[in-house]
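final_4.pdb, holding PDB, C-alpha atoms and all ligand atoms:
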```pdb
ATOM      1  CA  MET A  82      20.487   0.148   4.894  1.00  0.00           C
ATOM      2  CA  LEU A  83      20.479  -2.356   2.066  1.00  0.00           C
ATOM      3  CA  ASP A  84      19.671  -0.762  -1.262  1.00  0.00           C
ATOM      4  CA  CYS A  85      17.436  -3.563  -2.405  1.00  0.00           C
ATOM      5  CA  LEU A  86      13.983  -4.725  -1.381  1.00  0.00           C
ATOM      6  CA  PRO A  87      13.523  -8.459  -0.835  1.00  0.00           C
ATOM      7  CA  GLU A  88      10.462  -9.960  -2.476  1.00  0.00           C
ATOM      8  CA  THR A  89       9.448 -11.585   0.789  1.00  0.00           C
ATOM      9  CA  VAL A  90      10.189 -10.692   4.393  1.00  0.00           C
ATOM     10  CA  GLU A  91      10.051 -12.600   7.644  1.00  0.00           C
ATOM     11  CA  PRO A  92       9.228  -9.770  10.082  1.00  0.00           C
ATOM     12  CA  VAL A  93      10.014 -11.500  13.402  1.00  0.00           C
ATOM     13  CA  GLY A  94      13.553 -12.544  12.488  1.00  0.00           C
ATOM     14  CA  LEU A  95      14.287  -9.290  10.667  1.00  0.00           C
ATOM     15  CA  ALA A  96      13.163  -7.233  13.684  1.00  0.00           C
ATOM     16  CA  ASP A  97      15.349  -9.314  16.009  1.00  0.00           C
ATOM     17  CA  ALA A  98      18.285  -8.815  13.668  1.00  0.00           C
ATOM     18  CA  GLY A  99      17.528  -5.099  13.186  1.00  0.00           C
ATOM     19  CA  ARG A 100      17.559  -5.135   9.394  1.00  0.00           C
ATOM     20  CA  SER A 101      16.475  -2.386   7.030  1.00  0.00           C
ATOM     21  CA  PHE A 102      15.937  -2.132   3.314  1.00  0.00           C
ATOM     22  CA  ARG A 103      15.087   0.366   0.666  1.00  0.00           C
ATOM     23  CA  GLY A 104      14.365   0.188  -2.994  1.00  0.00           C
ATOM     24  CA  GLU A 105      11.724   0.580  -5.622  1.00  0.00           C
ATOM     25  CA  ILE A 106       8.606  -1.496  -6.249  1.00  0.00           C
ATOM     26  CA  ALA A 107       6.876  -1.481  -9.619  1.00  0.00           C
ATOM     27  CA  ILE A 108       3.308  -0.184  -9.320  1.00  0.00           C
ATOM     28  CA  ALA A 109       2.249  -3.073 -11.558  1.00  0.00           C
ATOM     29  CA  ALA A 110       3.170  -5.446  -8.697  1.00  0.00           C
ATOM     30  CA  PHE A 111       0.171  -4.306  -6.627  1.00  0.00           C
ATOM     31  CA  ALA A 112      -2.619  -6.639  -7.748  1.00  0.00           C
ATOM     32  CA  ARG A 113      -5.378  -5.199  -5.551  1.00  0.00           C
ATOM     33  CA  LEU A 114      -4.467  -1.605  -6.362  1.00  0.00           C
ATOM     34  CA  ARG A 115      -4.336  -2.115 -10.140  1.00  0.00           C
ATOM     35  CA  PRO A 116      -8.102  -1.910 -10.817  1.00  0.00           C
ATOM     36  CA  LEU A 117      -8.172   1.495  -9.078  1.00  0.00           C
ATOM     37  CA  LEU A 118      -5.466   2.993 -11.304  1.00  0.00           C
ATOM     38  CA  ALA A 119      -5.550   4.776 -14.639  1.00  0.00           C
ATOM     39  CA  ASP A 120      -2.126   3.305 -15.413  1.00  0.00           C
ATOM     40  CA  THR A 121       0.509   1.197 -13.693  1.00  0.00           C
ATOM     41  CA  GLU A 122       3.662   2.744 -15.055  1.00  0.00           C
ATOM     42  CA  GLY A 123       6.611   3.537 -12.859  1.00  0.00           C
ATOM     43  CA  GLY A 124       7.414   2.586  -9.334  1.00  0.00           C
ATOM     44  CA  LEU A 125       7.244   3.684  -5.724  1.00  0.00           C
ATOM     45  CA  ARG A 126      10.242   4.286  -3.495  1.00  0.00           C
ATOM     46  CA  VAL A 127      10.039   2.296  -0.313  1.00  0.00           C
ATOM     47  CA  ALA A 128      12.123   2.164   2.868  1.00  0.00           C
ATOM     48  CA  LEU A 129      11.541  -0.450   5.560  1.00  0.00           C
ATOM     49  CA  VAL A 130      13.118  -0.626   9.012  1.00  0.00           C
ATOM     50  CA  PHE A 131      12.630  -3.729  11.150  1.00  0.00           C
ATOM     51  CA  ARG A 132      13.703  -3.379  14.773  1.00  0.00           C
ATOM     52  CA  ARG A 133      12.874  -3.809  18.395  1.00  0.00           C
ATOM     53  CA  ASP A 134      11.787  -0.579  20.057  1.00  0.00           C
ATOM     54  CA  GLU A 135      12.657   0.594  23.568  1.00  0.00           C
ATOM     55  CA  ARG A 136       9.895  -1.644  24.993  1.00  0.00           C
ATOM     56  CA  ARG A 137      11.406  -4.616  23.140  1.00  0.00           C
ATOM     57  CA  LEU A 138       8.345  -4.660  20.911  1.00  0.00           C
ATOM     58  CA  ARG A 139       9.073  -5.832  17.360  1.00  0.00           C
ATOM     59  CA  VAL A 140       8.165  -3.062  14.953  1.00  0.00           C
ATOM     60  CA  LEU A 141       8.259  -2.282  11.274  1.00  0.00           C
ATOM     61  CA  THR A 142       8.414   1.373  10.320  1.00  0.00           C
ATOM     62  CA  GLY A 143       8.318   2.371   6.722  1.00  0.00           C
ATOM     63  CA  ARG A 144       8.035   5.120   4.197  1.00  0.00           C
ATOM     64  CA  ILE A 145       6.440   5.029   0.763  1.00  0.00           C
ATOM     65  CA  GLU A 146       6.949   7.789  -1.799  1.00  0.00           C
ATOM     66  CA  GLY A 147       5.869   8.286  -5.342  1.00  0.00           C
ATOM     67  CA  ARG A 148       2.817   9.007  -7.407  1.00  0.00           C
ATOM     68  CA  LEU A 149      -0.240   7.036  -8.432  1.00  0.00           C
ATOM     69  CA  ASN A 150      -2.654   7.831 -11.213  1.00  0.00           C
ATOM     70  CA  LEU A 151      -6.082   7.115  -9.748  1.00  0.00           C
ATOM     71  CA  ILE A 152      -9.306   7.315 -11.741  1.00  0.00           C
ATOM     72  CA  CYS A 153     -11.516  10.322 -11.100  1.00  0.00           C
ATOM     73  CA  GLN A 154     -14.995   8.980 -10.398  1.00  0.00           C
ATOM     74  CA  ARG A 155     -16.648  12.005 -11.965  1.00  0.00           C
ATOM     75  CA  CYS A 156     -14.927  12.240 -15.349  1.00  0.00           C
ATOM     76  CA  LEU A 157     -13.186   8.801 -15.370  1.00  0.00           C
ATOM     77  CA  GLN A 158      -9.867  10.383 -16.330  1.00  0.00           C
ATOM     78  CA  ALA A 159      -6.526  10.063 -14.574  1.00  0.00           C
ATOM     79  CA  LEU A 160      -6.175  11.838 -11.264  1.00  0.00           C
ATOM     80  CA  GLU A 161      -2.647  12.351 -10.015  1.00  0.00           C
ATOM     81  CA  PHE A 162      -2.275  11.312  -6.399  1.00  0.00           C
ATOM     82  CA  PRO A 163       1.080  12.044  -4.744  1.00  0.00           C
ATOM     83  CA  LEU A 164       2.058   9.511  -2.130  1.00  0.00           C
ATOM     84  CA  GLN A 165       4.261  10.302   0.793  1.00  0.00           C
ATOM     85  CA  LEU A 166       3.333   8.132   3.662  1.00  0.00           C
ATOM     86  CA  GLU A 167       4.946   6.790   6.770  1.00  0.00           C
ATOM     87  CA  PHE A 168       3.672   3.915   8.824  1.00  0.00           C
ATOM     88  CA  SER A 169       4.475   2.127  12.091  1.00  0.00           C
ATOM     89  CA  LEU A 170       3.399  -1.460  12.530  1.00  0.00           C
ATOM     90  CA  GLY A 171       3.674  -3.579  15.651  1.00  0.00           C
ATOM     91  CA  ILE A 172       4.610  -7.126  14.695  1.00  0.00           C
ATOM     92  CA  VAL A 173       2.279  -9.502  16.565  1.00  0.00           C
ATOM     93  CA  ALA A 174       1.983 -13.264  16.538  1.00  0.00           C
ATOM     94  CA  SER A 175      -1.714 -13.516  17.432  1.00  0.00           C
ATOM     95  CA  GLU A 176      -4.987 -11.593  17.538  1.00  0.00           C
ATOM     96  CA  ALA A 177      -4.682 -11.474  21.356  1.00  0.00           C
ATOM     97  CA  GLU A 178      -1.465  -9.487  21.084  1.00  0.00           C
ATOM     98  CA  ILE A 179      -3.159  -6.798  18.997  1.00  0.00           C
ATOM     99  CA  ASP A 180      -4.965  -5.468  22.086  1.00  0.00           C
ATOM    100  CA  ARG A 181      -1.660  -5.033  23.879  1.00  0.00           C
ATOM    101  CA  LEU A 182      -0.078  -2.857  21.182  1.00  0.00           C
ATOM    102  CA  PRO A 183       0.789   0.639  22.376  1.00  0.00           C
ATOM    103  CA  GLN A 184      -0.944   3.603  20.741  1.00  0.00           C
ATOM    104  CA  GLY A 185       0.362   4.631  17.375  1.00  0.00           C
ATOM    105  CA  TYR A 186       1.027   1.122  16.094  1.00  0.00           C
ATOM    106  CA  GLU A 187      -1.154  -0.753  13.668  1.00  0.00           C
ATOM    107  CA  PRO A 188      -0.839  -4.527  13.887  1.00  0.00           C
ATOM    108  CA  LEU A 189       1.108  -6.638  11.422  1.00  0.00           C
ATOM    109  CA  LEU A 190       0.158 -10.238  11.991  1.00  0.00           C
ATOM    110  CA  ALA A 191       3.206 -12.438  11.456  1.00  0.00           C
ATOM    111  CA  ASN A 192       4.296 -15.613  13.112  1.00  0.00           C
ATOM    112  CA  GLY A 193       7.595 -16.563  11.550  1.00  0.00           C
ATOM    113  CA  GLU A 194       6.173 -17.056   8.072  1.00  0.00           C
ATOM    114  CA  LEU A 195       7.233 -15.124   4.983  1.00  0.00           C
ATOM    115  CA  LEU A 196       5.107 -12.177   3.920  1.00  0.00           C
ATOM    116  CA  ARG A 197       5.149 -10.694   0.446  1.00  0.00           C
ATOM    117  CA  THR A 198       6.755  -7.263   0.713  1.00  0.00           C
ATOM    118  CA  ALA A 199       4.505  -5.801  -1.975  1.00  0.00           C
ATOM    119  CA  GLU A 200       1.396  -6.918  -0.081  1.00  0.00           C
ATOM    120  CA  VAL A 201       2.495  -5.322   3.179  1.00  0.00           C
ATOM    121  CA  ILE A 202       3.092  -2.055   1.336  1.00  0.00           C
ATOM    122  CA  GLU A 203      -0.109  -2.357  -0.664  1.00  0.00           C
ATOM    123  CA  ASP A 204      -2.129  -2.684   2.560  1.00  0.00           C
ATOM    124  CA  GLU A 205      -0.793   0.684   3.718  1.00  0.00           C
ATOM    125  CA  ILE A 206      -1.543   2.370   0.400  1.00  0.00           C
ATOM    126  CA  LEU A 207      -5.094   0.987   0.285  1.00  0.00           C
ATOM    127  CA  LEU A 208      -5.760   2.498   3.726  1.00  0.00           C
ATOM    128  CA  LEU A 209      -4.695   5.892   2.472  1.00  0.00           C
ATOM    129  CA  ILE A 210      -6.246   6.405  -0.932  1.00  0.00           C
ATOM    130  CA  PRO A 211      -9.747   7.912  -1.078  1.00  0.00           C
ATOM    131  CA  ALA A 212     -12.688   5.551  -1.560  1.00  0.00           C
ATOM    132  CA  VAL A 213     -14.134   7.822  -4.262  1.00  0.00           C
ATOM    133  CA  PRO A 214     -11.276   9.805  -5.813  1.00  0.00           C
ATOM    134  CA  MET A 215     -12.276  12.954  -7.700  1.00  0.00           C
ATOM    135  CA  HIS A 216     -10.591  16.005  -9.165  1.00  0.00           C
ATOM    136  CA  ALA A 217     -10.653  18.894  -6.696  1.00  0.00           C
ATOM    137  CA  GLY A 218     -13.408  20.726  -8.558  1.00  0.00           C
ATOM    138  CA  GLU A 219     -15.816  19.933 -11.366  1.00  0.00           C
ATOM    139  CA  SER A 220     -14.023  22.546 -13.488  1.00  0.00           C
ATOM    140  CA  ARG A 221     -10.842  20.440 -13.312  1.00  0.00           C
ATOM    141  CA  CYS A 222     -12.565  17.418 -14.723  1.00  0.00           C
ATOM    142  CA  GLU A 223     -12.204  16.434 -18.343  1.00  0.00           C
ATOM    143  CA  SER A 224     -14.772  18.475 -20.268  1.00  0.00           C
ATOM    144  CA  GLY A 225     -17.609  16.563 -21.805  1.00  0.00           C
ATOM    145  CA  TYR A 226     -17.719  13.949 -19.076  1.00  0.00           C
ATOM    146  CA  ARG A 227     -21.437  14.550 -18.581  1.00  0.00           C
ATOM    147  CA  ASN A 228     -22.207  13.167 -22.024  1.00  0.00           C
ATOM    148  CA  ARG A 229     -20.211  10.039 -21.458  1.00  0.00           C
ATOM    149  CA  PRO A 230     -22.142   7.001 -20.347  1.00  0.00           C
ATOM    150  CA  ALA A 231     -21.172   5.833 -16.889  1.00  0.00           C
ATOM    151  CA  GLN A 232     -18.647   3.083 -17.240  1.00  0.00           C
ATOM    152  CA  GLU A 233     -18.811   0.122 -15.030  1.00  0.00           C
ATOM    153  CA  LYS A 234     -15.833   0.094 -12.749  1.00  0.00           C
ATOM    154  CA  ASP A 235     -13.484  -2.847 -12.937  1.00  0.00           C
ATOM    155  CA  ASN A 236     -14.323  -5.371 -10.336  1.00  0.00           C
ATOM    156  CA  PRO A 237     -11.104  -6.265  -8.458  1.00  0.00           C
ATOM    157  CA  PHE A 238     -12.290  -9.851  -8.175  1.00  0.00           C
ATOM    158  CA  SER A 239     -12.557 -10.265 -11.920  1.00  0.00           C
ATOM    159  CA  ILE A 240      -8.796  -9.667 -12.033  1.00  0.00           C
ATOM    160  CA  LEU A 241      -8.314 -12.448  -9.505  1.00  0.00           C
ATOM    161  CA  GLU A 242     -10.428 -14.744 -11.633  1.00  0.00           C
ATOM    162  CA  LYS A 243      -8.250 -14.033 -14.632  1.00  0.00           C
ATOM    163  CA  LEU A 244      -5.114 -14.806 -12.663  1.00  0.00           C
ATOM    164  CA  LYS A 245      -6.474 -18.181 -11.618  1.00  0.00           C
ATOM    165  CA  THR A 246      -7.147 -19.377 -15.145  1.00  0.00           C
TER     166      THR A 246
HETATM  167 ZN    ZN B   1     -12.398  14.419 -12.935  1.00  0.00          ZN
END
```
In structure tokens, what does this structure look like?
Ligand SMILES: [Zn+2]
Amino acid sequence: MLDCLPETVEPVGLADAGRSFRGEIAIAAFARLRPLLADTEGGLRVALVFRRDERRLRVLTGRIEGRLNLICQRCLQALEFPLQLEFSLGIVASEAEIDRLPQGYEPLLANGELLRTAEVIEDEILLLIPAVPMHAGESRCESGYRNRPAQEKDNPFSILEKLKT
């Protein structure tokens, strides 16, 4: 296993060649995740294995480990969210192939083009984190939150706008 994550991957060729990688990705690299986080310090450990399974299906299995600081939607303070997730993706070239994937595989649409590694990983994280993260009980929230005016949450698209200009 190569101890280095490529910035981009070409899933079809990598699965045929049976390549695997591991390394660390800076949390700041996840553009869509950033607005949901209290801070973007540190990184996540990632391992990716591209291969053909026993049915000759091209698959990507992976593991993501680390910690994110989400924003509690009750007190608007940081909420530690440990990440330890594993995923199995079936690499498909078209929408039609998605229906033929065996159970247990989510589709990864790829047709020979390069995909950004961080985006593939970010997709998996976004599926996992709660839509409305909150501390486990009101008593764990930052005291005094009731007096604080409700802040408007960052709109993820406003970040995109900033990037464009
Ligand atoms: Zn809270």
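Selecting all polymer residues at most 12 Å from ligand ZN 1 (chain B), using only C-alpha atoms and all ligand atoms, gives Ala119, Asn150, Leu151, Ile152, Cys153, Gln154, Arg155, Cys156, Leu157, Gln158, Ala159, Leu160, Glu161, Val213, Pro214, Met215, His216, Ala217, Gly218, Glu219, Ser220, Arg221, Cys222, Glu223, Ser224, Gly225, Tyr226 and Arg227 of chain A.
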**OP:** Would you kindly return, as a PyMOL selection string, each protein, DNA or RNA residue with an atom no farther than 12 Å from any atom of stretch 128-145 of chain A, considering all atoms listed in the file and excluding same-chain residues fewer than 6 positions away?
**Re:** chain A and resi 82-87+90-106+108+163-174+178-179+181-183+185-192+198-199+201-206+209
Task: atom CA of A:Thr89 to atom CA of A:Leu125, straight-line distance in Å - done: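 Atom-to-atom, atom CA of A:Leu125 and atom CA of A:Thr89 are spaced 16.7 Å apart.
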From atom CA of A:Glu88 to atom CA of A:Glu176 the spacing works out at 25.3 Å
re atom CA of A:Gln184 and atom CA of A:Arg148: distance 28.9 Å
Show me, as a list of chain:residue names, the residues that have an atom within 10 Å of A:Leu207 when counting all atoms listed in the file, minus same-chain residues fewer than 6 positions from it.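 The residues satisfying every condition are A:Arg113, A:Leu114, A:Leu117.
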Distance criterion (only C-alpha atoms): nearest to A:Ala110 out of A:Val127, A:Glu146, A:Leu195, A:Glu200: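 Distance minimum relative to A:Ala110 lands on A:Glu200.
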Mind rebuilding stretch 136-147 of chain A with all heavy atoms and writing that out as a tab-separated table (two decimals), keeping the file's coordinate frame?
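Full text of selection13.tsv as output:
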```tsv
chain	number	residue	atom	x	y	z
A	136	ARG	N	10.66	-0.70	24.15
A	136	ARG	CA	9.90	-1.64	24.99
A	136	ARG	C	10.14	-3.09	24.59
A	136	ARG	O	9.42	-3.97	25.01
A	136	ARG	CB	8.39	-1.34	24.87
A	136	ARG	CG	7.94	-0.11	25.61
A	136	ARG	CD	6.63	0.40	25.03
A	136	ARG	NE	6.83	0.83	23.64
A	136	ARG	CZ	6.16	1.84	23.09
A	136	ARG	NH1	5.24	2.47	23.76
A	136	ARG	NH2	6.39	2.19	21.83
A	137	ARG	N	11.08	-3.30	23.68
A	137	ARG	CA	11.41	-4.62	23.14
A	137	ARG	C	10.32	-5.13	22.19
A	137	ARG	O	10.33	-6.30	21.81
A	137	ARG	CB	11.67	-5.66	24.25
A	137	ARG	CG	12.72	-5.26	25.25
A	137	ARG	CD	14.14	-5.31	24.69
A	137	ARG	NE	14.54	-6.66	24.25
A	137	ARG	CZ	15.36	-6.89	23.23
A	137	ARG	NH1	15.83	-5.89	22.53
A	137	ARG	NH2	15.70	-8.11	22.92
A	138	LEU	N	9.40	-4.28	21.86
A	138	LEU	CA	8.35	-4.66	20.91
A	138	LEU	C	8.95	-4.70	19.50
A	138	LEU	O	9.70	-3.81	19.12
A	138	LEU	CB	7.23	-3.61	20.97
A	138	LEU	CG	6.03	-3.79	20.06
A	138	LEU	CD1	5.15	-4.91	20.58
A	138	LEU	CD2	5.25	-2.49	19.98
A	139	ARG	N	8.60	-5.75	18.75
A	139	ARG	CA	9.07	-5.83	17.36
A	139	ARG	C	8.23	-4.89	16.50
A	139	ARG	O	7.00	-4.98	16.53
A	139	ARG	CB	8.94	-7.26	16.84
A	139	ARG	CG	9.86	-8.25	17.52
A	139	ARG	CD	9.71	-9.62	16.89
A	139	ARG	NE	10.59	-10.58	17.54
A	139	ARG	CZ	10.19	-11.45	18.46
A	139	ARG	NH1	8.92	-11.49	18.82
A	139	ARG	NH2	11.05	-12.29	19.00
A	140	VAL	N	8.91	-4.02	15.77
A	140	VAL	CA	8.16	-3.06	14.95
A	140	VAL	C	8.73	-2.99	13.53
A	140	VAL	O	9.90	-3.31	13.29
A	140	VAL	CB	8.17	-1.63	15.57
A	140	VAL	CG1	7.48	-1.62	16.92
A	140	VAL	CG2	9.59	-1.10	15.70
A	141	LEU	N	7.85	-2.60	12.65
A	141	LEU	CA	8.26	-2.28	11.27
A	141	LEU	C	7.82	-0.86	11.00
A	141	LEU	O	6.62	-0.55	11.06
A	141	LEU	CB	7.59	-3.24	10.28
A	141	LEU	CG	7.61	-2.81	8.82
A	141	LEU	CD1	9.02	-2.62	8.30
A	141	LEU	CD2	6.86	-3.81	7.95
A	142	THR	N	8.78	0.03	10.75
A	142	THR	CA	8.41	1.37	10.32
A	142	THR	C	8.81	1.50	8.85
A	142	THR	O	9.78	0.88	8.40
A	142	THR	CB	9.11	2.47	11.16
A	142	THR	OG1	10.51	2.19	11.19
A	142	THR	CG2	8.58	2.49	12.57
A	143	GLY	N	8.04	2.28	8.15
A	143	GLY	CA	8.32	2.37	6.72
A	143	GLY	C	7.90	3.69	6.14
A	143	GLY	O	7.18	4.48	6.77
A	144	ARG	N	8.37	3.90	4.93
A	144	ARG	CA	8.04	5.12	4.20
A	144	ARG	C	7.80	4.73	2.74
A	144	ARG	O	8.55	3.91	2.18
A	144	ARG	CB	9.20	6.10	4.32
A	144	ARG	CG	9.08	7.33	3.43
A	144	ARG	CD	10.42	8.00	3.33
A	144	ARG	NE	10.73	8.76	4.54
A	144	ARG	CZ	10.42	10.06	4.69
A	144	ARG	NH1	9.84	10.71	3.72
A	144	ARG	NH2	10.72	10.70	5.79
A	145	ILE	N	6.77	5.30	2.16
A	145	ILE	CA	6.44	5.03	0.76
A	145	ILE	C	6.31	6.37	0.05
A	145	ILE	O	5.60	7.26	0.53
A	145	ILE	CB	5.10	4.26	0.64
A	145	ILE	CG1	5.14	2.98	1.49
A	145	ILE	CG2	4.80	3.92	-0.82
A	145	ILE	CD1	3.77	2.32	1.65
A	146	GLU	N	6.99	6.53	-1.07
A	146	GLU	CA	6.95	7.79	-1.80
A	146	GLU	C	6.77	7.54	-3.28
A	146	GLU	O	7.34	6.58	-3.83
A	146	GLU	CB	8.26	8.57	-1.61
A	146	GLU	CG	8.43	9.17	-0.25
A	146	GLU	CD	9.80	9.81	-0.11
A	146	GLU	OE1	10.78	9.27	-0.66
A	146	GLU	OE2	9.87	10.86	0.52
A	147	GLY	N	6.04	8.41	-3.90
A	147	GLY	CA	5.87	8.29	-5.34
A	147	GLY	C	4.56	8.92	-5.77
A	147	GLY	O	4.05	9.83	-5.11
```
